[in-house]
Structure formats: C-alpha cells, structure tokens
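Q: Here you go, run-v2.cif (mmCIF, C-alpha atoms and all ligand atoms):
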data_query
loop_
_atom_site.group_PDB
_atom_site.id
_atom_site.type_symbol
_atom_site.label_atom_id
_atom_site.label_comp_id
_atom_site.auth_asym_id
_atom_site.auth_seq_id
_atom_site.Cartn_x
_atom_site.Cartn_y
_atom_site.Cartn_z
ATOM 1 C CA MET A 1 140.029 2.760 53.259
ATOM 2 C CA SER A 2 137.937 5.380 55.007
ATOM 3 C CA THR A 3 139.522 8.792 55.231
ATOM 4 C CA ALA A 4 139.963 10.710 58.492
ATOM 5 C CA ILE A 5 141.855 13.707 57.147
ATOM 6 C CA ALA A 6 142.051 15.012 53.585
ATOM 7 C CA PHE A 7 143.999 17.911 52.109
ATOM 8 C CA GLN A 8 142.512 19.087 48.819
ATOM 9 C CA ASN A 9 144.743 21.216 46.600
ATOM 10 C CA ILE A 10 146.396 22.983 49.533
ATOM 11 C CA THR A 11 148.832 25.780 48.803
ATOM 12 C CA LYS A 12 150.516 27.619 51.666
ATOM 13 C CA LYS A 13 153.053 30.358 51.047
ATOM 14 C CA PHE A 14 155.244 32.267 53.442
ATOM 15 C CA GLY A 15 156.314 35.361 51.532
ATOM 16 C CA SER A 16 156.809 34.221 47.976
ATOM 17 C CA ARG A 17 157.859 30.680 48.903
ATOM 18 C CA ALA A 18 155.215 27.967 48.651
ATOM 19 C CA VAL A 19 155.883 25.447 51.426
ATOM 20 C CA LEU A 20 152.828 23.409 50.436
ATOM 21 C CA SER A 21 152.147 23.520 46.728
ATOM 22 C CA ASP A 22 148.819 22.156 45.487
ATOM 23 C CA LEU A 23 149.155 19.373 48.051
ATOM 24 C CA ASN A 24 146.680 16.507 48.052
ATOM 25 C CA LEU A 25 146.807 13.870 50.755
ATOM 26 C CA GLU A 26 144.567 11.455 52.587
ATOM 27 C CA ILE A 27 145.112 9.991 56.021
ATOM 28 C CA PRO A 28 143.182 6.783 56.737
ATOM 29 C CA ARG A 29 140.902 6.486 59.781
ATOM 30 C CA GLY A 30 141.902 4.127 62.575
ATOM 31 C CA LYS A 31 145.433 3.552 61.401
ATOM 32 C CA ILE A 32 148.939 4.787 62.192
ATOM 33 C CA THR A 33 150.160 7.183 59.495
ATOM 34 C CA PHE A 34 153.682 8.563 59.434
ATOM 35 C CA ILE A 35 154.391 11.859 57.674
ATOM 36 C CA VAL A 36 158.039 11.895 56.675
ATOM 37 C CA GLY A 37 160.263 14.260 54.749
ATOM 38 C CA LYS A 38 163.475 16.121 55.237
ATOM 39 C CA SER A 39 163.864 19.103 57.528
ATOM 40 C CA GLY A 40 162.018 22.202 56.319
ATOM 41 C CA GLU A 41 159.790 20.230 53.959
ATOM 42 C CA GLY A 42 156.578 21.356 55.676
ATOM 43 C CA LYS A 43 155.746 18.545 58.101
ATOM 44 C CA SER A 44 155.005 20.832 61.040
ATOM 45 C CA VAL A 45 153.158 23.246 58.726
ATOM 46 C CA THR A 46 151.000 20.297 57.631
ATOM 47 C CA ILE A 47 150.151 19.291 61.197
ATOM 48 C CA LYS A 48 149.297 22.928 61.996
ATOM 49 C CA HIS A 49 146.774 22.925 59.130
ATOM 50 C CA ILE A 50 145.182 19.788 60.612
ATOM 51 C CA MET A 51 144.812 21.534 63.971
ATOM 52 C CA GLY A 52 143.519 24.726 62.329
ATOM 53 C CA LEU A 53 146.507 26.682 63.669
ATOM 54 C CA LEU A 54 147.348 27.731 60.097
ATOM 55 C CA LYS A 55 144.957 28.374 57.229
ATOM 56 C CA PRO A 56 145.788 27.550 53.606
ATOM 57 C CA ASP A 57 146.017 30.252 50.948
ATOM 58 C CA VAL A 58 144.220 27.913 48.549
ATOM 59 C CA GLY A 59 142.460 24.558 49.056
ATOM 60 C CA ARG A 60 140.336 22.789 51.654
ATOM 61 C CA VAL A 61 141.115 20.780 54.782
ATOM 62 C CA ILE A 62 138.491 18.108 55.464
ATOM 63 C CA VAL A 63 138.529 16.261 58.804
ATOM 64 C CA GLU A 64 136.022 13.496 59.558
ATOM 65 C CA GLY A 65 133.905 14.744 56.667
ATOM 66 C CA GLN A 66 133.834 18.339 57.923
ATOM 67 C CA ASP A 67 135.371 21.203 55.999
ATOM 68 C CA ILE A 68 137.324 23.011 58.720
ATOM 69 C CA THR A 69 139.053 25.515 56.426
ATOM 70 C CA ASP A 70 136.915 28.507 57.346
ATOM 71 C CA PHE A 71 136.140 27.577 60.947
ATOM 72 C CA ASN A 72 136.013 30.563 63.292
ATOM 73 C CA HIS A 73 137.668 30.734 66.698
ATOM 74 C CA GLU A 74 134.776 29.117 68.595
ATOM 75 C CA GLN A 75 134.307 26.356 65.999
ATOM 76 C CA LEU A 76 138.029 25.589 66.193
ATOM 77 C CA ARG A 77 137.899 25.457 69.983
ATOM 78 C CA GLN A 78 135.141 22.824 69.815
ATOM 79 C CA TYR A 79 136.875 20.982 66.981
ATOM 80 C CA ARG A 80 140.185 20.697 68.834
ATOM 81 C CA LYS A 81 138.508 18.732 71.641
ATOM 82 C CA ASN A 82 138.700 15.760 69.282
ATOM 83 C CA PHE A 83 142.484 15.897 69.276
ATOM 84 C CA GLY A 84 145.282 14.712 71.439
ATOM 85 C CA MET A 85 148.618 16.302 70.676
ATOM 86 C CA LEU A 86 152.018 15.145 71.847
ATOM 87 C CA PHE A 87 154.392 18.055 71.453
ATOM 88 C CA GLN A 88 158.019 17.635 70.522
ATOM 89 C CA GLN A 89 159.172 19.028 73.856
ATOM 90 C CA ALA A 90 156.839 17.308 76.300
ATOM 91 C CA ALA A 91 155.635 20.829 77.275
ATOM 92 C CA LEU A 92 154.611 19.884 80.806
ATOM 93 C CA PHE A 93 153.868 22.465 83.473
ATOM 94 C CA ASP A 94 156.819 22.112 85.861
ATOM 95 C CA SER A 95 154.989 23.746 88.751
ATOM 96 C CA LEU A 96 152.179 21.166 88.567
ATOM 97 C CA THR A 97 152.361 17.508 89.584
ATOM 98 C CA VAL A 98 152.101 14.733 87.014
ATOM 99 C CA GLY A 99 148.455 14.176 87.998
ATOM 100 C CA GLN A 100 147.640 17.893 87.673
ATOM 101 C CA ASN A 101 149.295 17.972 84.250
ATOM 102 C CA VAL A 102 147.339 14.976 83.006
ATOM 103 C CA ILE A 103 143.963 16.131 84.384
ATOM 104 C CA PHE A 104 144.359 19.520 82.686
ATOM 105 C CA PRO A 105 142.526 18.734 79.380
ATOM 106 C CA LEU A 106 139.647 17.111 81.283
ATOM 107 C CA LYS A 107 139.189 20.218 83.419
ATOM 108 C CA GLU A 108 139.321 22.389 80.296
ATOM 109 C CA HIS A 109 137.052 20.368 78.060
ATOM 110 C CA SER A 110 134.804 18.012 80.019
ATOM 111 C CA ASN A 111 132.029 18.183 82.577
ATOM 112 C CA MET A 112 133.030 14.952 84.305
ATOM 113 C CA PRO A 113 132.766 14.846 88.101
ATOM 114 C CA LEU A 114 136.147 15.199 89.799
ATOM 115 C CA SER A 115 136.183 11.588 91.038
ATOM 116 C CA ALA A 116 135.676 10.312 87.491
ATOM 117 C CA MET A 117 138.433 12.613 86.232
ATOM 118 C CA LEU A 118 140.844 11.304 88.860
ATOM 119 C CA ALA A 119 140.012 7.713 87.973
ATOM 120 C CA ARG A 120 140.547 8.452 84.286
ATOM 121 C CA VAL A 121 143.928 10.089 85.044
ATOM 122 C CA GLU A 122 145.116 7.014 86.952
ATOM 123 C CA GLU A 123 143.833 4.713 84.212
ATOM 124 C CA THR A 124 145.700 6.701 81.537
ATOM 125 C CA LEU A 125 148.942 6.853 83.522
ATOM 126 C CA THR A 126 148.735 3.082 83.955
ATOM 127 C CA GLN A 127 148.179 2.712 80.204
ATOM 128 C CA VAL A 128 151.482 4.507 79.490
ATOM 129 C CA GLY A 129 153.293 2.448 82.124
ATOM 130 C CA LEU A 130 153.447 5.061 84.877
ATOM 131 C CA PRO A 131 151.089 3.933 87.658
ATOM 132 C CA ASN A 132 151.400 5.678 91.035
ATOM 133 C CA MET A 133 153.203 8.683 89.537
ATOM 134 C CA GLN A 134 150.477 11.246 90.184
ATOM 135 C CA HIS A 135 152.241 13.156 92.929
ATOM 136 C CA ARG A 136 155.683 13.468 91.343
ATOM 137 C CA TYR A 137 156.839 16.661 89.627
ATOM 138 C CA PRO A 138 158.036 16.741 85.974
ATOM 139 C CA THR A 139 161.496 17.997 86.976
ATOM 140 C CA ASP A 140 162.088 14.737 88.893
ATOM 141 C CA LEU A 141 161.352 12.547 85.874
ATOM 142 C CA SER A 142 163.601 11.102 83.177
ATOM 143 C CA THR A 143 163.167 12.299 79.587
ATOM 144 C CA GLY A 144 161.324 9.106 78.635
ATOM 145 C CA GLU A 145 159.013 9.392 81.640
ATOM 146 C CA LYS A 146 158.221 13.015 80.752
ATOM 147 C CA LYS A 147 157.367 11.941 77.240
ATOM 148 C CA ARG A 148 155.002 9.319 78.601
ATOM 149 C CA VAL A 149 153.324 11.886 80.881
ATOM 150 C CA GLY A 150 152.863 14.067 77.762
ATOM 151 C CA LEU A 151 151.366 11.047 76.057
ATOM 152 C CA ALA A 152 148.986 10.445 78.971
ATOM 153 C CA ARG A 153 147.894 14.089 78.779
ATOM 154 C CA ALA A 154 147.268 13.720 75.031
ATOM 155 C CA LEU A 155 145.204 10.571 75.594
ATOM 156 C CA VAL A 156 143.247 11.354 78.716
ATOM 157 C CA SER A 157 140.197 12.786 76.950
ATOM 158 C CA LYS A 158 139.967 9.807 74.553
ATOM 159 C CA PRO A 159 140.542 11.771 71.354
ATOM 160 C CA ALA A 160 139.429 10.600 67.909
ATOM 161 C CA ILE A 161 142.737 11.738 66.430
ATOM 162 C CA ILE A 162 146.153 11.856 68.072
ATOM 163 C CA LEU A 163 149.027 13.819 66.577
ATOM 164 C CA TYR A 164 152.629 13.134 67.533
ATOM 165 C CA ASP A 165 155.238 15.717 66.475
ATOM 166 C CA GLU A 166 158.632 13.960 66.416
ATOM 167 C CA PRO A 167 157.836 11.720 69.399
ATOM 168 C CA THR A 168 161.218 9.980 69.505
ATOM 169 C CA THR A 169 163.621 12.659 68.261
ATOM 170 C CA GLY A 170 166.461 13.014 70.751
ATOM 171 C CA MET A 171 165.544 9.846 72.674
ATOM 172 C CA ASP A 172 167.913 6.942 73.155
ATOM 173 C CA PRO A 173 167.115 3.813 71.100
ATOM 174 C CA ILE A 174 165.493 1.945 73.970
ATOM 175 C CA VAL A 175 163.184 4.796 74.946
ATOM 176 C CA SER A 176 162.438 5.370 71.235
ATOM 177 C CA GLU A 177 161.363 1.797 70.805
ATOM 178 C CA MET A 178 159.248 1.968 73.935
ATOM 179 C CA ILE A 179 157.458 5.082 72.624
ATOM 180 C CA ASP A 180 156.908 3.439 69.228
ATOM 181 C CA ASP A 181 155.497 0.361 70.978
ATOM 182 C CA LEU A 182 153.162 2.612 72.973
ATOM 183 C CA ILE A 183 151.936 4.312 69.775
ATOM 184 C CA VAL A 184 151.062 0.869 68.399
ATOM 185 C CA GLN A 185 149.463 -0.239 71.686
ATOM 186 C CA ILE A 186 147.331 2.916 71.926
ATOM 187 C CA ASN A 187 146.170 2.506 68.355
ATOM 188 C CA LYS A 188 145.058 -1.030 69.260
ATOM 189 C CA ASP A 189 143.494 -0.116 72.617
ATOM 190 C CA ILE A 190 141.387 2.809 71.450
ATOM 191 C CA GLU A 191 138.949 1.695 68.803
ATOM 192 C CA ASN A 192 139.100 3.721 65.598
ATOM 193 C CA ILE A 193 141.670 6.227 66.881
ATOM 194 C CA THR A 194 143.613 7.810 64.030
ATOM 195 C CA SER A 195 147.304 8.256 64.828
ATOM 196 C CA VAL A 196 149.437 10.725 62.859
ATOM 197 C CA VAL A 197 153.162 10.708 63.548
ATOM 198 C CA ILE A 198 155.710 13.181 62.216
ATOM 199 C CA SER A 199 159.108 11.576 62.171
ATOM 200 C CA HIS A 200 162.588 11.584 60.735
ATOM 201 C CA ASP A 201 163.111 8.057 61.951
ATOM 202 C CA LEU A 202 162.694 5.962 58.827
ATOM 203 C CA LYS A 203 163.346 2.674 60.538
ATOM 204 C CA ALA A 204 160.554 3.501 62.958
ATOM 205 C CA ALA A 205 158.278 4.525 60.085
ATOM 206 C CA LEU A 206 158.860 1.232 58.299
ATOM 207 C CA ALA A 207 158.406 -0.779 61.507
ATOM 208 C CA THR A 208 155.497 1.120 63.047
ATOM 209 C CA ALA A 209 153.462 2.813 60.310
ATOM 210 C CA GLU A 210 150.556 1.249 58.482
ATOM 211 C CA TYR A 211 150.586 4.112 55.979
ATOM 212 C CA ILE A 212 153.378 6.553 55.101
ATOM 213 C CA VAL A 213 153.118 9.949 53.400
ATOM 214 C CA PHE A 214 156.390 11.273 52.030
ATOM 215 C CA LEU A 215 156.512 15.041 51.450
ATOM 216 C CA TYR A 216 158.865 16.589 48.957
ATOM 217 C CA LYS A 217 158.757 20.081 47.468
ATOM 218 C CA GLY A 218 155.341 20.826 48.880
ATOM 219 C CA LYS A 219 153.713 17.731 47.439
ATOM 220 C CA VAL A 220 153.319 14.038 48.213
ATOM 221 C CA ALA A 221 156.168 12.253 46.446
ATOM 222 C CA LEU A 222 154.869 8.846 47.561
ATOM 223 C CA ALA A 223 152.080 7.597 49.824
ATOM 224 C CA GLY A 224 151.543 3.955 50.666
ATOM 225 C CA THR A 225 152.289 1.063 52.964
ATOM 226 C CA PRO A 226 155.772 0.293 54.328
ATOM 227 C CA ASN A 227 155.998 -2.412 51.675
ATOM 228 C CA ASP A 228 155.266 0.136 48.932
ATOM 229 C CA PHE A 229 158.160 2.182 50.323
ATOM 230 C CA LYS A 230 160.533 -0.765 50.574
ATOM 231 C CA SER A 231 159.893 -1.695 46.947
ATOM 232 C CA THR A 232 159.711 1.768 45.366
ATOM 233 C CA LYS A 233 162.014 2.669 42.520
ATOM 234 C CA ASP A 234 161.432 6.415 43.005
ATOM 235 C CA PRO A 235 164.997 7.789 43.192
ATOM 236 C CA ILE A 236 164.137 10.639 45.599
ATOM 237 C CA VAL A 237 162.416 8.313 48.064
ATOM 238 C CA ARG A 238 165.201 5.752 47.791
ATOM 239 C CA GLN A 239 167.799 8.418 48.489
ATOM 240 C CA PHE A 240 165.920 9.586 51.573
ATOM 241 C CA PHE A 241 165.593 6.046 52.877
ATOM 242 C CA SER A 242 169.267 5.327 52.249
ATOM 243 C CA GLY A 243 170.284 8.511 54.084
ATOM 244 C CA LYS A 244 172.809 9.485 51.414
ATOM 245 C CA VAL A 245 173.665 13.059 50.469
ATOM 246 C CA GLU A 246 174.472 12.164 46.869
ATOM 247 C CA GLY A 247 171.463 11.712 44.639
ATOM 248 C CA PRO A 248 168.693 13.582 42.893
ATOM 249 C CA MET A 249 167.183 15.157 46.032
ATOM 250 C CA GLU A 250 167.572 18.939 46.183
ATOM 251 C CA PHE A 251 168.524 20.605 49.442
ATOM 252 C CA LEU A 252 167.108 24.090 49.742
HETATM 253 N N1 LIG A 301 155.065 31.022 60.450
HETATM 254 C C1 LIG A 301 156.009 30.923 59.492
HETATM 255 N N2 LIG A 301 156.483 32.012 58.850
HETATM 256 C C2 LIG A 301 157.394 31.906 57.864
HETATM 257 N N3 LIG A 301 157.931 30.742 57.463
HETATM 258 C C3 LIG A 301 157.515 29.623 58.078
HETATM 259 C C4 LIG A 301 156.536 29.648 59.122
HETATM 260 N N4 LIG A 301 156.303 28.377 59.536
HETATM 261 C C5 LIG A 301 157.126 27.602 58.786
HETATM 262 N N5 LIG A 301 157.828 28.341 57.915
HETATM 263 C C6 LIG A 301 158.786 27.816 56.933
HETATM 264 O O1 LIG A 301 158.176 26.755 56.245
HETATM 265 C C7 LIG A 301 159.126 25.713 55.964
HETATM 266 C C8 LIG A 301 158.615 24.394 56.494
HETATM 267 O O2 LIG A 301 158.607 24.446 57.911
HETATM 268 P P1 LIG A 301 158.215 23.203 58.826
HETATM 269 O O3 LIG A 301 158.369 23.665 60.224
HETATM 270 O O4 LIG A 301 156.890 22.683 58.423
HETATM 271 O O5 LIG A 301 159.330 22.154 58.439
HETATM 272 P P2 LIG A 301 159.465 20.646 58.960
HETATM 273 O O6 LIG A 301 159.270 19.753 57.774
HETATM 274 O O7 LIG A 301 158.585 20.438 60.126
HETATM 275 O O8 LIG A 301 161.013 20.609 59.361
HETATM 276 P P3 LIG A 301 161.738 19.897 60.633
HETATM 277 O O9 LIG A 301 161.896 18.474 60.233
HETATM 278 O O10 LIG A 301 163.063 20.598 60.697
HETATM 279 O O11 LIG A 301 160.875 20.107 61.847
HETATM 280 C C9 LIG A 301 160.441 26.181 56.587
HETATM 281 O O12 LIG A 301 161.238 26.731 55.585
HETATM 282 C C10 LIG A 301 160.010 27.225 57.591
HETATM 283 O O13 LIG A 301 161.018 28.188 57.759
HETATM 284 MG MG MG A 302 158.905 20.202 62.191
#
Turn the structure described in the file into structure tokens.
Ligand SMILES: Nc1ncnc2c1ncn2[C@@H]1O[C@H](COP(=O)(O)OP(=O)(O)OP(=O)(O)O)[C@@H](O)[C@H]1O
Ligand SMILES: [Mg+2]
A:
Amino acid sequence: MSTAIAFQNITKKFGSRAVLSDLNLEIPRGKITFIVGKSGEGKSVTIKHIMGLLKPDVGRVIVEGQDITDFNHEQLRQYRKNFGMLFQQAALFDSLTVGQNVIFPLKEHSNMPLSAMLARVEETLTQVGLPNMQHRYPTDLSTGEKKRVGLARALVSKPAIILYDEPTTGMDPIVSEMIDDLIVQINKDIENITSVVISHDLKAALATAEYIVFLYKGKVALAGTPNDFKSTKDPIVRQFFSGKVEGPMEFL
C-alpha cells in the first residue's frame, strides 16, 4: 500500500493530558479510511493535525511525502489547496446561493476563467445529485441537500485528499446511506483521491471503509480492513463494535 498520510510518534497534550500519545498511523492513498473511536478520543484533534490546524508537541506529520509539521502560514495556505473538507455542520453561507457557495473555493484558490468555474460548479452539483440547484438558498434546502452542497463545495477544486468529519451524524438512515454511497462513488470517480472519514457509525465503517483506524487512549488500538475488524479478538475493539457499556473499555 502506498501511504498518503503518516503520523510518526505524535504526542499532543492539552494541559497535562495527552490526547495523542506517541501515536503512529498510516492512511493509504486512493482508498476510503475511517477513523473511529469513542467520543473525546482525539478524532477531531487528529484531523486538525492533518490540516495543519494543530501542531504536535512531539513527532512528525507526513502528507504525500512532505513533512508538514513545521510549515509556516504561507506554506500551510498552499498545502490546504490539496484538501476538500466536509464539516460536521455543513457550514454553508446562508446569504449566498448554492452556486455561490460551491464556487467559493475556486474563486479563492484557482485562476480559472469564470465560465470554466461555472461549468465546474454545475458538473460538481450534478455529481452529488443536485443539478439545477444553483440559484436556491441554503435555508430552503433539506438537511441532506445541505450536506450534499457542502460535499460539492469540498469537491469542486478536485482535491487530492478529502476529509469528512462525521458526515452522517444526525442524519436519518436513508440520507446516511445516500451520503455513504456518495463517498464511495466519489472515491471511484476521482482517480487516486484519498478519503478520510471520521465516524461513530460502525455499521457504515464496516460497509464503506477499505481501511479502518481505531483510536483508543491516544494510540491506534487496531488498524486494518473491515474483515480484520470483524474477526478481531481484541476485547476493547469488540466491546466498541458491540456497543456495550460493560467490558474492559475505560470511559474517561
Ligand atoms: N483546543 C483544545 N484545548 C483543550 N482541549 C482540547 C482542545 N481540542 C480538543 N481538546 C480535548 O481533546 C480531547 C479529544 O477531543 P476531540 O475533539 O478530538 O474528540 P473526538 O474524538 O473528536 O470526540 P467526538 O466524537 O465527541 O467528536 C477532548 O477531551 C477535548 O476536550
Ligand atoms: Mg470530533
């Protein structure tokens, strides 16, 4: 497997508490990786290290072969052009139309002519199943539609890496499945795109992921394929997948 993102011996403390504790992980290029773990285990902190929004106290973050750990502001700005990010709350601008929301990253980061940008916006909205939506406003959309507009905005600049923070949390089962299907479709459509999904939804992880990283106590308790997870005898992982309170897992 070729590696898109690697954490090497990452420790991150807030006060005296180490949220990430000598963490080593590798995320494969071109695949869908789920990062799972219970609430407060450091999933969002991990994704923030990938984006360069947080810096580790110790260790290195390597993305596409580049050590980004000590990047300055300008280097990070350039670096983040390679990313699409779907935020937990779709985080759309309510005063802008759907089209204006989706074109935003292109206007920020590309030198495309306006006509090409508009064509790309329509193409991306069609890809997420929302053709002819350009002129609507986010407040007039359903939750699932908003999520898909957020997805279109994350995709519009054809990123090398797309990060999804809890893409289906709070969605009904049908919308959740639709979003999961879109994650799979996008990973197929865009050659070599690396998809990283943070999720509590273990069923979705087993059904959708090609690789799963399970965080526990600041480290990787298990990393592998869905089949590795289904067959593991690790009592902590089994408890998490069974959703039971009783077991060896400690709740902070
Ligand atoms: N900027 C910060 N300052 C202090 N503590 C922080 C900061 N960011 C995160 N933490 C703490 O780090 C721990 C991990 O937080 P994180 O947001 O990564 O959890 P999570 O795994 O994403 O949880 P959830 O599933 O609830 O979103 C939490 O205890 C949180 O309070
Ligand atoms: Mg989180």
Q: If the limit is 9 Å from any atom of ligand LIG 301 (chain A), counting all atoms listed in the file, which residues qualify? Return them as a PyMOL selection string.
A: chain A and resi 12-15+17-20+36-48+54+165-166+198-200+215+252
Q: Please write as a list of chain:residue names the full residue list that the PyMOL selection byres (((chain A and resi 61) around 9) and not hetatm) yields on this file.
A: A:Ile5, A:Ala6, A:Phe7, A:Gln8, A:Asn9, A:Ile10, A:His49, A:Ile50, A:Gly52, A:Lys55, A:Pro56, A:Gly59, A:Arg60, A:Ile62, A:Val63, A:Gln66, A:Asp67, A:Ile68, A:Thr69
Q: Under the PyMOL selection byres (((chain A and resi 149) around 12) and not hetatm), which residues of this model are included? Write them out as a VMD selection string.
A: chain A and resid 86 to 87 89 to 94 97 to 104 121 to 122 124 to 131 133 to 134 136 to 139 141 to 148 150 to 156 179
Q: Can you list what the PyMOL selection byres (((chain A and resi 26-35) around 8) and not hetatm) grabs from this structure, as a PyMOL selection string?
A: chain A and resi 1-7+24-25+36-37+43+184+187+191-199+205+208-215
Q: Just give me the gap between CA of Glu246 in chain A and CA of Ser176 in chain A in Å, one decimal is fine.
A: 28.0 Å
Q: If I put a ball of radius 10 Å at (154.3, 1.4, 51.0) in the file's coordinates, which residues poke into it when counting all atoms listed in the file, written as a ChimeraX atom specification?
A: /A:206,209-213,222-232
Q: For CA of Ala204 in chain A and CA of Lys158 in chain A, determine how far apart the two atoms are, in Å to one decimal place.
A: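 We find that CA of Ala204 in chain A and CA of Lys158 in chain A lie 24.5 Å from each other.
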Q: Would you mind reading off the distance between CA of Asp57 in chain A and CA of Ile236 in chain A, one decimal, in Å?
A: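 About the pair CA of Asp57 in chain A and CA of Ile236 in chain A: they are 27.2 Å apart.
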Q: May I ask which of the residues A:Ser110, A:Gln88, A:Asp189, A:Glu123 is the closest one to ligand MG 302 (chain A), counting all atoms listed in the file?
A: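 For ligand MG 302 (chain A), the nearest of the given residues is A:Gln88.
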Q: Could you give me the centre and size, in Å to one decimal, of an axis-aligned box around all listed atoms of range 196-206 of chain A with 6 Å added on every side, as JSON?
A:
{"center_x": 156.4, "center_y": 7.2, "center_z": 60.9, "size_x": 25.9, "size_y": 23.9, "size_z": 17.2}
Q: Using only C-alpha atoms and all ligand atoms for the distances, tell me which of A:Phe241, A:Asp22, A:Tyr164, A:Ser95 is nearest to ligand MG 302 (chain A).
A: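 The shortest atom-to-atom distance to ligand MG 302 (chain A) comes from A:Tyr164.
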Q: Would you mind telling me which residue in A:Pro167, A:Pro105, A:Pro173, A:Pro113 lies nearest to ligand MG 302 (chain A) when using all atoms listed in the file?
A: A:Pro167
Q: So, with all atoms listed in the file as the atoms that count, which of A:Arg120, A:Lys81, A:Lys217, A:Lys188 lies closest to Phe251 in chain A?
A: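 Comparing A:Arg120, A:Lys81, A:Lys217, A:Lys188 against Phe251 in chain A, the winner is A:Lys217.
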Q: Contacts of Asp234 in chain A at 9 Å or less, counting all atoms listed in the file, minus same-chain residues fewer than 3 places along, as an NGL selection string?
A: :A and (221-222 or 237-239)
